[in-house]
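S.K.: Provided herewith is a single structure, encoded as structure tokens, for subsequent inquiry.
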Amino acid sequence: MTTFLPFTPTDVATAVQWALSEEAPLEILGHGSKRGIGRPQQCEHAIDLSALSGVTLYEPEELVLSAKAGTPIADIEHLLAQNGQQLAFEPMDCSRLLNHDTRGGKGGTIGGVLSGNLSGPRRIKAGAARDHVLGIAAVSGRGEVFKSGGRVVKNVTGYDLSKLMTGAWGTLGVLTDVTVKVLPAAETETTLAIRGLTDEDATAAMAVAMGSSAEVSGAAHLPYGVTERVASDLRGADPTTLLRVEGFGPSVAYRVAALKSLLRNAGQIDEVPDRNSQTLWRDIRDCAPFADGTARPVWRVSMAPSEAHKMVLALRMETGADAFYDWQGGLVWLRMEAEPEADILRRLIRRFGGGHATLMRATPAWRAAVPVFEPEGPALAALSARVKAEFDPKGILNPGRMAAAANSATLAEATEENAS
Amino acid sequence: MSGLSMPKPDSETMRRRDEIVADLAVIVPGEGVVDAVNEMRAFESDGLTAYRQLPLVVVLPETVEQVAKILKYCNERNIRVVPRGSGTSLSGGALPLEDAVLLVMSRFNRILEIDFPNRAVVAQPGVTNLGISVAVEQEGFYYAPDPSSQIACSIGGNVAENSGGVHCLKYGLTANNVLGIEMVLISGEVVRLGGRHLDSGGYDLLGVMTGSEGLLGVVTEVTVRILKKPETARALLIGFPTSEQGGQCVADIIGAGIIPGGMEMMDRPAIQAAEDFLHAGYPLDVEALLIVELDGPGVEVDHLIGLVEAIAHRNGSTTCRISTSEEERLAFWAGRKAAFPAVGRISPDYYCMDGTIPRKELPKVLAGMRRLSEKYGLAVANVFHAGDGNLHPLILYDANKPGELDKAESFGADILRLCVKVGGVLTGEHGVGVEKRDLMGEMFNQIDLDQQMRVKCAFDPNHLLNPGKVFPQLRRCAELGRMHISGGKLPFPSIPRF
């Protein structure tokens, strides 16, 4: 077992070139906070990017920040907060859910955040991590340093490989530098809490709110029993539907009033003020309700908002599952009672209009046994495998983490097919 | 660029033209195949009108099955294909090739579904950008990206070009507003990416497809996010004695945490041309004119107008008008929106450029442009999406004067080099196409370009889709796939391991 600790992109390239010559797969690590996501890997060696750290450019007035890939996300968020700015996609911290030890500041890196494309509640208004990536530099599985994008928001020069690298879980290249769009943080926020709605009524209420001009920046629903598991002043086990409004003070007050009027028939509406609202949404972002210290399977499902609760209802006819909803109802967090039940879940997702499910927490044995990421149809799976092969022809970067088929023999085949 | 070299026509394809036309007519019966020269004239160029080329044949399919059959047919016979939406590309993205089938998607012109609860519209790719907004406006919704060609340009073309508009800073580009697509690969396989849900379960191929300029696949269906219209919008029209002051005002607005719905700047020649054309009431004694539009609830807009006014004042504005009615707001915009035709009025021809720069570099870039203007002896007027740093210099020339088009193109290339030099990019929203193809080396080294071309190989290994665009030189996939692994003896003591 060799763990490389590169200090420069050239070091990363050298390590990858060595791995290529040895045909030795590499596990790509930041802080390892998301190591428990994906198929378990059998890598003899690893690259630890945590020494590739530091913000290299930050111009608040240009809304741009560049950092080395191993920079702690906490450092970046702290720096931005000092300037009244933020990463608007609200990156999720997986540590709590995955029982990851964050002592010693190991709470995740910017490279890891982008590699997982895990966006929080504000995704529905501000876009995903991939929408905020302006440019990247990376080392491909060919051992070559390449770059894509730039440092400006409006850029259509060449293919957007930055988006491709975002959400690729380190299977296409090793990120060394990233440039992201940053945005002003809201002056204040208020969350409205509607109590007692069924999943169906909550979905309807959230659709009304999101379809209004109130610019809601978070819309979540905590079914019966989940409310108590997030930090808030909300009492009791009754279901709670949450709508967050952020912005300048007078605007927030106005929009909160407008929403209350719009939803006056939905039930009792409480207001959760600024600081409590922040804590509450952090808990929703990080899936705190299911951060129970166990390894019981937890799924993250993305579907059309109007369909997700129907899928959950049908799922409960077949198996036991706890659920709560973010993203206007379109993001479902599911905690299964015992087994992941991947086939049942994915069949129902397809029945209710499609989407995708990622197994965010499970024992290594389960993650080896069921597809962690949504399986793709034959044509799309073949295309994805060809893309992987074009970046990593020998299958040495996080092999098998996303798709089981990605061993070097089938990839070599895909490459040959391409070349012929 | 006048010396633009395109891929050498394939003589075998040219020789078999009659047979290809007949075969395509079987796949798309009726009026779907156009092969008469006089009828193909309508398709010989796009929005980059300096370049014209008749295609081998034009085909206008109506169904996804027909698109799949056409592509499979062409792939099996090694025939090149150029996809085209409405043909409004400003970079020659839809410029035909002599030996290529021009695949025109304009008959895919239906909106398939409007889904208000999920705020999504499913449309065929030939639906116009504005057509989507019109279809949902009775419920108070709209589709946010608004390229200036929005009356004509198609949503499929928007995906191909990742089109922008004046509201990108706040509402994003096409890439940020598309939820899903259905596309056909050159193999004829039909693939769906995304849908009404958010994000991808696998690689973000939707992100790669958006802005791929018709080189990776043909889009046959698009699902977009629609938004509720803001309650109100008001604008400020602010004049500054120098572009530096205008630029600083922009930086200070953003520094104050304000993201305007639109923020546009014009320089003196553009202001003059617009005023002469429209008499919009623009001040003529300023070097920079800034339009700042704030949208949202009335109370928020009023609050922010006050802040912006104060910032403008602090930066030495000499005029600052605030719209008090919808008519006045539209009047502020009228001059800006008519800037291109206004410039067209004072010059026989103009050449529109499209670089993006870090905003703070604006004064430096404007000064550089003035020097280049003197060097080439051609005037330039500037309109600038100030919020996101996207610059549209309009170079004035006369195509009837020998050598002047060449001069305008060289001037344009120098401007783009300047943009890249200050940390910007070659194109913000118009695309690379044929226009900026040979400048790609200014931004990317060969390794960067090779990796992009390898993505192309994963989608289209024989380089049949839209060749001659984007990449200065398309390298064969077999060649790109080769690896040079340097032995197994690499101790590299410089890398700590433990």
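Convention: chains lettered A, B, ... in structure tokens order; per-chain residue numbering from 1; ligands numbered from 1 as shown.
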List as a PyMOL selection string the protein and nucleic acid residues near segment 251-262 of chain A, meaning an atom at most 7 Å away when only C-alpha atoms are counted, but skip any in the same chain fewer than 2 places from it.
M.R.: (chain A and resi 189+209+214+245-249+264) or (chain B and resi 297+299-300)
S.K.: Residues of the last selection are to be written out with C-alpha atoms, as a PDB file, in the first residue's frame.
M.R.:
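Saved to out-v5.pdb:
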ATOM      1  CA  GLU A 189     -33.753  34.544   6.163  1.00  0.00           C
ATOM      2  CA  ALA A 209     -44.903  28.214  -3.173  1.00  0.00           C
ATOM      3  CA  ALA A 214     -41.789  34.617  -3.605  1.00  0.00           C
ATOM      4  CA  VAL A 245     -37.231  32.881   2.118  1.00  0.00           C
ATOM      5  CA  GLU A 246     -33.861  34.683   1.919  1.00  0.00           C
ATOM      6  CA  GLY A 247     -32.739  38.142   0.900  1.00  0.00           C
ATOM      7  CA  PHE A 248     -32.815  41.767   1.963  1.00  0.00           C
ATOM      8  CA  GLY A 249     -34.835  42.470   5.102  1.00  0.00           C
ATOM      9  CA  ARG A 264     -53.661  30.580   4.178  1.00  0.00           C
TER      10      ARG A 264
ATOM     11  CA  PRO B 297     -41.054  42.245  -5.383  1.00  0.00           C
ATOM     12  CA  VAL B 299     -40.451  46.582  -2.030  1.00  0.00           C
ATOM     13  CA  GLU B 300     -37.142  44.880  -2.842  1.00  0.00           C
TER      14      GLU B 300
END
S.K.: Could you pull out the residues in segment 103-279 of chain B that DSSP calls helix (DSSP H, G or I) from the backbone, as a ChimeraX atom specification?
M.R.: /B:129-139,155-161,168-171,174-176,205-209,243-255,268-278
S.K.: Which residues are near Pro230 of chain B? Cut-off 12 Å, only C-alpha atoms, ignore same chain within fewer than 3 positions. Put them as a list in words.
M.R.: Gly211, Ser212, Ser213, Ala214, Glu215 and Arg255 of chain A; Gly140, Phe141, Tyr142, Ala144, Tyr171, Leu227, Ala233, Arg234, Gly261, Glu293, Leu294, Asp295, Gly296, Pro297, Gly298, Glu300 and Val301 of chain B
S.K.: Write the residues of the preceding selection, restricted to N, CA and C atoms, as a short mmCIF file (atom, residue, chain, number, x, y, z; two decimals), in the first residue's frame.
M.R.:
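Dumped to selection_1.cif:
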data_model
loop_
_atom_site.label_atom_id
_atom_site.label_comp_id
_atom_site.auth_asym_id
_atom_site.auth_seq_id
_atom_site.Cartn_x
_atom_site.Cartn_y
_atom_site.Cartn_z
N GLY A 211 -44.06 27.91 -7.36
CA GLY A 211 -44.63 28.50 -8.56
C GLY A 211 -45.07 29.94 -8.35
N SER A 212 -44.77 30.51 -7.18
CA SER A 212 -45.10 31.91 -6.92
C SER A 212 -43.86 32.75 -7.16
N SER A 213 -44.01 34.07 -7.06
CA SER A 213 -42.83 34.92 -7.26
C SER A 213 -42.14 35.22 -5.93
N ALA A 214 -42.39 34.37 -4.92
CA ALA A 214 -41.79 34.62 -3.60
C ALA A 214 -40.32 34.19 -3.52
N GLU A 215 -39.80 33.62 -4.60
CA GLU A 215 -38.40 33.19 -4.64
C GLU A 215 -37.99 32.37 -3.42
N ARG A 255 -42.21 38.99 1.20
CA ARG A 255 -42.45 37.69 0.56
C ARG A 255 -43.02 36.68 1.56
N GLY B 140 -48.26 33.46 -16.04
CA GLY B 140 -47.27 34.32 -15.39
C GLY B 140 -45.87 33.72 -15.34
N PHE B 141 -45.59 32.72 -16.18
CA PHE B 141 -44.27 32.09 -16.20
C PHE B 141 -43.48 32.54 -17.43
N TYR B 142 -42.20 32.24 -17.44
CA TYR B 142 -41.36 32.49 -18.62
C TYR B 142 -40.13 31.59 -18.56
N ALA B 144 -36.10 31.68 -18.81
CA ALA B 144 -35.21 32.79 -18.50
C ALA B 144 -34.15 33.15 -19.56
N TYR B 171 -29.91 34.68 -13.71
CA TYR B 171 -30.74 33.52 -14.03
C TYR B 171 -30.02 32.39 -14.78
N LEU B 227 -39.78 29.72 -14.97
CA LEU B 227 -39.80 30.49 -13.73
C LEU B 227 -41.00 31.43 -13.71
N ALA B 233 -40.14 45.14 -12.38
CA ALA B 233 -38.78 45.40 -12.82
C ALA B 233 -38.65 46.90 -13.04
N ARG B 234 -37.56 47.47 -12.53
CA ARG B 234 -37.30 48.89 -12.78
C ARG B 234 -35.83 49.03 -13.17
N GLY B 261 -30.99 41.93 -12.27
CA GLY B 261 -31.53 41.08 -13.33
C GLY B 261 -30.79 41.29 -14.63
N GLU B 293 -30.92 46.91 -14.30
CA GLU B 293 -32.31 46.55 -14.09
C GLU B 293 -32.43 45.67 -12.84
N LEU B 294 -33.33 46.05 -11.98
CA LEU B 294 -33.57 45.29 -10.76
C LEU B 294 -34.96 44.70 -10.84
N ASP B 295 -35.07 43.41 -10.53
CA ASP B 295 -36.40 42.79 -10.60
C ASP B 295 -36.69 42.02 -9.33
N GLY B 296 -37.97 41.82 -9.07
CA GLY B 296 -38.40 41.13 -7.86
C GLY B 296 -39.62 41.81 -7.29
N PRO B 297 -39.93 41.56 -6.01
CA PRO B 297 -41.05 42.25 -5.38
C PRO B 297 -40.80 43.76 -5.36
N GLY B 298 -41.86 44.55 -5.49
CA GLY B 298 -41.72 46.00 -5.53
C GLY B 298 -40.90 46.56 -4.39
N GLU B 300 -38.56 45.19 -2.68
CA GLU B 300 -37.14 44.88 -2.84
C GLU B 300 -36.52 45.76 -3.91
N VAL B 301 -37.24 45.90 -5.02
CA VAL B 301 -36.72 46.70 -6.13
C VAL B 301 -36.51 48.15 -5.68
#
S.K.: Compile the contact shell of Ala321 of chain A as a count of residues only: residues with an atom at most 7 Å away, counting only C-alpha atoms, same-chain residues fewer than 2 positions apart removed.
M.R.: 7
S.K.: At a cut-off of 10 Å, using only C-alpha atoms, what residues contact segment 287-298 of chain A? Leave out same-chain residues fewer than 4 positions from it and give the result as a PyMOL selection string.
M.R.: chain A and resi 92-100+120+222+225-231+280-283+321-324+326+333-341+358-364+366-367
S.K.: Quick check, in Å to one decimal: how far apart do atom CA of Ile181 of chain B and atom CA of Val222 of chain B lie?
M.R.: 4.5 Å
S.K.: Near segment 7-19 of chain B, within 10 Å and counting only C-alpha atoms, which residues show up once chain neighbours fewer than 2 positions away are dropped, as a list in words?
M.R.: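 Returned residues: Ser5, Val21, Ala22, Asp23, Leu24, Ala25, Asp35, Leu56, Val57, Arg77, Asn78, Ile79, Arg80, Leu97, Glu98, Asp99, Ala100, Val101, Pro467, Gly468, Lys469, Gln473 and Leu474 of chain B.
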S.K.: Could you take the residues named above and write them with C-alpha atoms, as a PDB file, in the first residue's frame?
M.R.:
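As a result, selection.pdb now contains:
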ATOM      1  CA  SER B   5      -9.939  25.769 -44.497  1.00  0.00           C
ATOM      2  CA  VAL B  21     -30.735  11.776 -52.094  1.00  0.00           C
ATOM      3  CA  ALA B  22     -32.905   8.847 -53.158  1.00  0.00           C
ATOM      4  CA  ASP B  23     -32.181   6.887 -49.982  1.00  0.00           C
ATOM      5  CA  LEU B  24     -32.963   9.892 -47.771  1.00  0.00           C
ATOM      6  CA  ALA B  25     -36.255  10.373 -49.637  1.00  0.00           C
ATOM      7  CA  ASP B  35     -31.823  18.831 -53.333  1.00  0.00           C
ATOM      8  CA  LEU B  56     -24.809  18.063 -50.394  1.00  0.00           C
ATOM      9  CA  VAL B  57     -28.530  17.775 -49.684  1.00  0.00           C
ATOM     10  CA  ARG B  77     -21.730   5.018 -45.189  1.00  0.00           C
ATOM     11  CA  ASN B  78     -19.248   7.485 -43.723  1.00  0.00           C
ATOM     12  CA  ILE B  79     -21.312  10.517 -44.778  1.00  0.00           C
ATOM     13  CA  ARG B  80     -20.848  13.759 -42.863  1.00  0.00           C
ATOM     14  CA  LEU B  97     -20.253  21.395 -45.968  1.00  0.00           C
ATOM     15  CA  GLU B  98     -20.170  20.533 -49.638  1.00  0.00           C
ATOM     16  CA  ASP B  99     -20.168  16.788 -48.918  1.00  0.00           C
ATOM     17  CA  ALA B 100     -22.441  16.781 -45.858  1.00  0.00           C
ATOM     18  CA  VAL B 101     -26.124  16.167 -45.330  1.00  0.00           C
ATOM     19  CA  PRO B 467     -16.636  18.413 -38.766  1.00  0.00           C
ATOM     20  CA  GLY B 468     -14.599  21.549 -39.354  1.00  0.00           C
ATOM     21  CA  LYS B 469     -16.200  23.314 -36.376  1.00  0.00           C
ATOM     22  CA  GLN B 473      -7.615  20.218 -36.420  1.00  0.00           C
ATOM     23  CA  LEU B 474      -9.609  17.074 -35.708  1.00  0.00           C
TER      24      LEU B 474
END
S.K.: Between B:Asp252, B:Asp285, B:Asp349, B:Cys153, which is the closest to Glu309 of chain B once you count only C-alpha atoms?
M.R.: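 Closest candidate: B:Asp252.
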S.K.: Would you work out the distance separating atom CA of Leu95 of chain B from atom CA of Gly126 of chain B, expressed in Å to one decimal?
M.R.: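 Distance reported for this atom pair: 17.6 Å.
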S.K.: Out of B:Val208, B:Tyr397, B:Ala408, B:Asp414, which residue has the shortest atom-to-atom distance to Met369 of chain B when counting only C-alpha atoms?
M.R.: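 Closest to Met369 of chain B, using only C-alpha atoms: B:Asp414.
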S.K.: Can you tell me which residues surround Asn382 of chain B at a distance of at most 9 Å, considering only C-alpha atoms, apart from same-chain residues fewer than 2 positions away, and format the answer as a list in words?
M.R.: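 Residues near the query, excluding close chain neighbours: Met265, Met266, Asp267, Arg268, Pro269, Ala270, Ile271, Leu366, Val380, Phe384, Leu391, His392, Pro393, Leu394 and Ile395 of chain B.
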S.K.: For the selection just defined, write its residues with N, CA and C atoms to a file, as a CSV table (one decimal), in the first residue's frame.
M.R.:
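Saved result, part-v2.csv, follows:
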chain,number,residue,atom,x,y,z
B,265,MET,N,-23.6,47.8,-20.3
B,265,MET,CA,-22.9,49.0,-20.5
B,265,MET,C,-22.7,49.3,-22.0
B,266,MET,N,-22.6,50.6,-22.4
B,266,MET,CA,-22.3,50.9,-23.8
B,266,MET,C,-21.2,52.0,-23.8
B,267,ASP,N,-20.4,52.0,-24.8
B,267,ASP,CA,-19.4,53.0,-24.8
B,267,ASP,C,-19.8,54.2,-25.7
B,268,ARG,N,-19.0,55.2,-25.8
B,268,ARG,CA,-19.5,56.4,-26.5
B,268,ARG,C,-20.0,56.2,-27.9
B,269,PRO,N,-19.2,55.5,-28.7
B,269,PRO,CA,-19.7,55.3,-30.1
B,269,PRO,C,-21.0,54.5,-30.2
B,270,ALA,N,-21.2,53.6,-29.3
B,270,ALA,CA,-22.5,52.8,-29.3
B,270,ALA,C,-23.6,53.7,-28.8
B,271,ILE,N,-23.3,54.5,-27.8
B,271,ILE,CA,-24.4,55.5,-27.3
B,271,ILE,C,-24.8,56.4,-28.4
B,366,LEU,N,-10.8,48.1,-23.1
B,366,LEU,CA,-11.3,49.2,-23.9
B,366,LEU,C,-10.1,50.0,-24.5
B,380,VAL,N,-14.7,51.0,-33.8
B,380,VAL,CA,-15.4,49.9,-33.0
B,380,VAL,C,-16.3,50.5,-32.0
B,384,PHE,N,-21.8,45.8,-23.8
B,384,PHE,CA,-21.1,45.0,-22.8
B,384,PHE,C,-22.1,44.5,-21.8
B,391,LEU,N,-18.4,40.8,-23.5
B,391,LEU,CA,-18.2,42.0,-24.3
B,391,LEU,C,-18.6,41.8,-25.7
B,392,HIS,N,-19.3,42.7,-26.3
B,392,HIS,CA,-19.6,42.5,-27.8
B,392,HIS,C,-19.1,43.8,-28.5
B,393,PRO,N,-17.8,43.7,-28.9
B,393,PRO,CA,-17.3,44.8,-29.7
B,393,PRO,C,-17.9,44.7,-31.2
B,394,LEU,N,-18.4,45.8,-31.7
B,394,LEU,CA,-18.9,45.8,-33.1
B,394,LEU,C,-17.9,46.5,-34.0
B,395,ILE,N,-17.2,45.8,-34.8
B,395,ILE,CA,-16.2,46.4,-35.7
B,395,ILE,C,-16.9,46.9,-37.0
S.K.: Could you check the closest approach to Ala74 of chain A for each of A:Lys106, A:Arg195, A:His356, A:Lys125 and tell me which residue wins, using only C-alpha atoms?
M.R.: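 Closest to Ala74 of chain A, using only C-alpha atoms: A:Lys106.
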S.K.: Let me make sure I understand: among A:Glu271, A:Phe89, A:Leu114, A:Val182, which one has the smallest atom-to-atom distance to Glu59 of chain A if we use only C-alpha atoms?
M.R.: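 Among the listed residues, the smallest separation from Glu59 of chain A belongs to A:Val182.
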S.K.: Among segment 245-375 of chain B, which ones does DSSP place in strand (DSSP E), written as a ChimeraX atom specification?
M.R.: /B:262-267,288-296,319-322,349-352,355-356
